[in-house]
Amino acid sequence: MTPASSAKSALFLQLPFWCALAALLYGLLRPQSPPDLFYQSDKWLHLLAFAALAVCARVAFHFFSTGMLWGTLLLTAPGLELLQHLLQPHRTFSLYDALANLTGVILGAAMCWVFQRGYASRARVLRW
């Protein structure tokens, strides 16, 4: 693989992560809260957004050690909830939102683990 094709491949794998991160930051840091679609819908949005971010991060940064990647995500999940309150003072820190963020990261890790055990270990496509 040439250096140019390697760089394109890395960008291709990282693009979903950067898109997911941009969407997540927009949702967390915008001035107003998202509309309630149903009771506690914001918790589900937190969970799904962080699960998607975690899966995209694992694919994009597969060369990072497992502990470093998941440790960073587990620290970032509640940290972004706190940052939201610090940057947008009229939005409050919610422990339940922070827990939904953490649960999303754990769900994303579980999905990566299932994929690794079920598919990649037989096909030898990815080395995680």
# chains A, B, ... in the order shown; residues from 1 in each chain; ligands from 1

$ closest_atom_pairs --of "segment 39-81 of chain A" --to "segment 15-18 of chain A" --cutoff "9 Å" --atoms "only C-alpha atoms" --output "JSON lines"
{"residue": "A:Ala52", "atom": "CA", "partner": "A:Phe17", "partner_atom": "CA", "distance": 8.5}
{"residue": "A:Leu53", "atom": "CA", "partner": "A:Phe17", "partner_atom": "CA", "distance": 6.3}
{"residue": "A:Ala54", "atom": "CA", "partner": "A:Phe17", "partner_atom": "CA", "distance": 8.4}
{"residue": "A:Val55", "atom": "CA", "partner": "A:Phe17", "partner_atom": "CA", "distance": 8.3}
{"residue": "A:Cys56", "atom": "CA", "partner": "A:Phe17", "partner_atom": "CA", "distance": 4.7}
{"residue": "A:Ala57", "atom": "CA", "partner": "A:Phe17", "partner_atom": "CA", "distance": 5.6}
{"residue": "A:Arg58", "atom": "CA", "partner": "A:Phe17", "partner_atom": "CA", "distance": 8.8}
{"residue": "A:Val59", "atom": "CA", "partner": "A:Phe17", "partner_atom": "CA", "distance": 8.2}
{"residue": "A:Ala60", "atom": "CA", "partner": "A:Phe17", "partner_atom": "CA", "distance": 6.5}

$ write_last_selection --atoms "C-alpha atoms" --output "short mmCIF file (atom, residue, chain, number, x, y, z; two decimals), in the first residue's frame"
data_model
loop_
_atom_site.label_atom_id
_atom_site.label_comp_id
_atom_site.auth_asym_id
_atom_site.auth_seq_id
_atom_site.Cartn_x
_atom_site.Cartn_y
_atom_site.Cartn_z
CA ALA A 52 -22.52 5.75 17.46
CA LEU A 53 -19.53 7.88 18.42
CA ALA A 54 -17.93 4.95 20.26
CA VAL A 55 -18.32 2.55 17.33
CA CYS A 56 -17.01 5.15 14.88
CA ALA A 57 -14.08 5.92 17.20
CA ARG A 58 -13.11 2.24 17.41
CA VAL A 59 -13.11 1.90 13.62
CA ALA A 60 -11.33 5.21 13.03
#

$ atom_distance --atom1 "atom CA of Ser41 of chain A" --atom2 "atom CA of Gln14 of chain A"
28.5 Å

$ select_by_dssp --residues "chain A" --states "alpha helix (DSSP H)" --output "PyMOL selection string"
chain A and resi 3-29+41-60+66-87+95-115+121-123

$ closest_residue --among "A:Ala51, A:Leu37, A:Leu82, A:Leu69" --to "Leu21 of chain A" --atoms "only C-alpha atoms"
A:Ala51

$ atom_distance --atom1 "atom CA of Ser33 of chain A" --atom2 "atom CA of Leu45 of chain A"
11.6 Å

$ residues_around --residues "Arg91 of chain A" --least-positions-apart "2" --cutoff "10 Å" --atoms "only C-alpha atoms" --output "number ranges by chain"
A: 28-33, 81-82, 84-89, 93-94

$ closest_residue --among "A:Leu83, A:Ser65, A:Ala49, A:Ala22" --to "Thr103 of chain A" --atoms "only C-alpha atoms"
A:Ala49

$ closest_residue --among "A:Leu47, A:Ala10, A:Val114, A:Val105" --to "Leu75 of chain A" --atoms "only C-alpha atoms"
A:Val105

$ atom_distance --atom1 "atom CA of Asp36 of chain A" --atom2 "atom CA of Leu74 of chain A"
25.9 Å
